[in-house]
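Below is my_file04.cif, holding mmCIF, C-alpha atoms and all ligand atoms; chains and numbers go by the auth columns.
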```
data_my_file
#
loop_
_atom_site.group_PDB
_atom_site.id
_atom_site.type_symbol
_atom_site.label_atom_id
_atom_site.label_comp_id
_atom_site.label_asym_id
_atom_site.label_seq_id
_atom_site.Cartn_x
_atom_site.Cartn_y
_atom_site.Cartn_z
_atom_site.B_iso_or_equiv
_atom_site.auth_seq_id
_atom_site.auth_asym_id
ATOM 1 C CA MET A 1 -2.728 -57.709 89.174 0.00 7 A
ATOM 2 C CA GLY A 2 -2.567 -55.403 86.140 0.00 8 A
ATOM 3 C CA VAL A 3 -0.129 -57.620 84.240 0.00 9 A
ATOM 4 C CA GLU A 4 -2.355 -60.660 84.702 0.00 10 A
ATOM 5 C CA LEU A 5 -5.317 -58.779 83.266 0.00 11 A
ATOM 6 C CA ILE A 6 -3.302 -57.649 80.254 0.00 12 A
ATOM 7 C CA ILE A 7 -2.118 -61.216 79.645 0.00 13 A
ATOM 8 C CA LEU A 8 -5.699 -62.456 79.980 0.00 14 A
ATOM 9 C CA ASP A 9 -6.907 -59.808 77.529 0.00 15 A
ATOM 10 C CA VAL A 10 -4.211 -60.776 75.022 0.00 16 A
ATOM 11 C CA LEU A 11 -5.145 -64.452 75.357 0.00 17 A
ATOM 12 C CA ILE A 12 -8.815 -63.647 74.796 0.00 18 A
ATOM 13 C CA VAL A 13 -8.009 -61.605 71.683 0.00 19 A
ATOM 14 C CA LEU A 14 -5.712 -64.336 70.314 0.00 20 A
ATOM 15 C CA SER A 15 -8.392 -66.942 70.964 0.00 21 A
ATOM 16 C CA ALA A 16 -10.972 -64.833 69.141 0.00 22 A
ATOM 17 C CA VAL A 17 -8.636 -64.408 66.164 0.00 23 A
ATOM 18 C CA ALA A 18 -7.913 -68.143 66.076 0.00 24 A
ATOM 19 C CA LEU A 19 -11.622 -68.999 66.211 0.00 25 A
ATOM 20 C CA SER A 20 -12.338 -66.486 63.442 0.00 26 A
ATOM 21 C CA LEU A 21 -9.676 -68.047 61.220 0.00 27 A
ATOM 22 C CA VAL A 22 -11.071 -71.524 61.842 0.00 28 A
ATOM 23 C CA TYR A 23 -14.573 -70.285 60.993 0.00 29 A
ATOM 24 C CA ILE A 24 -13.393 -68.612 57.787 0.00 30 A
ATOM 25 C CA ASN A 25 -11.543 -71.736 56.673 0.00 31 A
ATOM 26 C CA HIS A 26 -14.486 -74.010 57.392 0.00 32 A
ATOM 27 C CA SER A 27 -17.349 -71.764 56.389 0.00 33 A
ATOM 28 C CA ARG A 28 -19.450 -72.574 53.400 0.00 34 A
ATOM 29 C CA GLY A 29 -18.365 -71.523 49.971 0.00 35 A
ATOM 30 C CA SER A 30 -14.857 -71.275 48.644 0.00 36 A
ATOM 31 C CA LYS A 31 -15.084 -67.732 47.279 0.00 37 A
ATOM 32 C CA ALA A 32 -15.580 -64.279 48.778 0.00 38 A
ATOM 33 C CA PHE A 33 -19.334 -64.495 48.193 0.00 39 A
ATOM 34 C CA LEU A 34 -21.432 -67.627 48.476 0.00 40 A
ATOM 35 C CA CYS A 35 -23.175 -66.875 45.180 0.00 41 A
ATOM 36 C CA GLU A 36 -19.950 -67.313 43.252 0.00 42 A
ATOM 37 C CA ASP A 37 -20.080 -71.077 43.641 0.00 43 A
ATOM 38 C CA CYS A 38 -23.788 -71.563 44.282 0.00 44 A
ATOM 39 C CA ARG A 39 -25.728 -73.665 41.817 0.00 45 A
ATOM 40 C CA PHE A 40 -28.633 -71.177 41.930 0.00 46 A
ATOM 41 C CA ASN A 41 -26.583 -68.156 40.886 0.00 47 A
ATOM 42 C CA THR A 42 -28.733 -67.060 37.957 0.00 48 A
ATOM 43 C CA ALA A 43 -31.552 -64.537 37.753 0.00 49 A
ATOM 44 C CA GLU A 44 -33.956 -67.339 36.851 0.00 50 A
ATOM 45 C CA LEU A 45 -33.084 -69.582 39.803 0.00 51 A
ATOM 46 C CA CYS A 46 -32.515 -67.042 42.561 0.00 52 A
ATOM 47 C CA LEU A 47 -34.644 -63.984 43.303 0.00 53 A
ATOM 48 C CA LYS A 48 -32.885 -63.044 46.549 0.00 54 A
ATOM 49 C CA SER A 49 -31.767 -59.444 46.810 0.00 55 A
ATOM 50 C CA GLU A 50 -28.453 -60.599 48.247 0.00 56 A
ATOM 51 C CA ARG A 51 -27.425 -62.204 44.973 0.00 57 A
ATOM 52 C CA PRO A 52 -24.704 -62.051 43.692 0.00 58 A
ATOM 53 C CA ARG A 53 -22.977 -60.933 46.883 0.00 59 A
ATOM 54 C CA ALA A 54 -24.483 -63.078 49.605 0.00 60 A
ATOM 55 C CA ILE A 55 -22.139 -63.861 52.463 0.00 61 A
ATOM 56 C CA ASP A 56 -24.761 -65.805 54.383 0.00 62 A
ATOM 57 C CA CYS A 57 -27.644 -67.661 52.780 0.00 63 A
ATOM 58 C CA THR A 58 -29.747 -70.585 53.924 0.00 64 A
ATOM 59 C CA SER A 59 -30.482 -71.518 50.300 0.00 65 A
ATOM 60 C CA TYR A 60 -26.839 -71.819 49.308 0.00 66 A
ATOM 61 C CA ARG A 61 -26.021 -75.059 47.532 0.00 67 A
ATOM 62 C CA PRO A 62 -22.580 -75.616 46.024 0.00 68 A
ATOM 63 C CA VAL A 63 -22.254 -76.212 42.322 0.00 69 A
ATOM 64 C CA LEU A 64 -22.548 -79.896 41.587 0.00 70 A
ATOM 65 C CA GLU A 65 -19.453 -81.679 40.400 0.00 71 A
ATOM 66 C CA GLN A 66 -19.629 -82.568 36.731 0.00 72 A
ATOM 67 C CA ASN A 67 -19.450 -86.331 36.310 0.00 73 A
ATOM 68 C CA THR A 68 -17.347 -86.811 33.192 0.00 74 A
ATOM 69 C CA SER A 69 -17.009 -90.577 33.408 0.00 75 A
ATOM 70 C CA VAL A 70 -18.892 -92.576 30.823 0.00 76 A
ATOM 71 C CA GLU A 71 -20.653 -95.648 32.016 0.00 77 A
ATOM 72 C CA GLY A 72 -21.127 -98.399 29.540 0.00 78 A
HETATM 73 S S1 LIG B . -29.374 -69.065 46.802 0.00 101 A
HETATM 74 FE FE1 LIG B . -28.209 -67.661 48.125 0.00 101 A
HETATM 75 S S2 LIG B . -26.064 -68.167 47.719 0.00 101 A
HETATM 76 FE FE2 LIG B . -27.278 -69.038 46.056 0.00 101 A
HETATM 77 S S3 LIG B . -27.266 -67.468 44.454 0.00 101 A
HETATM 78 FE FE3 LIG B . -29.083 -67.124 45.694 0.00 101 A
HETATM 79 S S4 LIG B . -28.455 -65.629 47.245 0.00 101 A
HETATM 80 FE FE4 LIG B . -26.610 -66.488 46.342 0.00 101 A
#
```
Could you spell out this file's structure in structure tokens?
Ligand code: SF4
Amino acid sequence: MGVELIILDVLIVLSAVALSLVYINHSRGSKAFLCEDCRFNTAELCLKSERPRAIDCTSYRPVLEQNTSVEG
């Protein structure tokens, strides 16, 4: 009975670690802080107290890709 509980505990911990890694890899932002690649990361555009070290922000928007192609 005790061994089964230990195995179950280990499986639960491993599952939690795996889910955490999946979340980290698929969470928004590619840097440690969302602000680092947020298009609003200037004092003029963002007045939030979390800036520049927000790790969760509903206003986060990634920096837009620069379109370097010339249409003609
Ligand atoms: S909107 Fe949020 S993520 Fe973007 S700069 Fe402001 S605090 Fe940071």
#### Entry: Surroundings of ligand LIG 101 (chain A) up to 6 Å, based on all atoms listed in the file, as number ranges by chain
A: 40-41, 44, 46-47, 52, 54, 56-58, 60, 63, 65-66
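Coordinates place CA of Ala38 (chain A) at a distance of 23.5 Å from CA of Ser21 (chain A).
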note - CA of Leu70 (chain A) and CA of Lys37 (chain A) are separated by 15.4 Å
Here CA of Ile61 (chain A) and CA of Ala49 (chain A) stand apart by 17.5 Å
Around all of region 7-14 of chain A's listed atoms, make the axis-aligned box with 4 Å on each side and tell me centre and edge lengths in Å to one decimal, as JSON.
```
{"center_x": -2.9, "center_y": -58.9, "center_z": 84.4, "size_x": 13.6, "size_y": 15.1, "size_z": 17.5}
```
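In terms of minimum interatomic distance to Glu42 (chain A), A:Arg67 ranks closest within A:Leu14, A:Gln72, A:Arg67, A:Val9, counting only C-alpha atoms.
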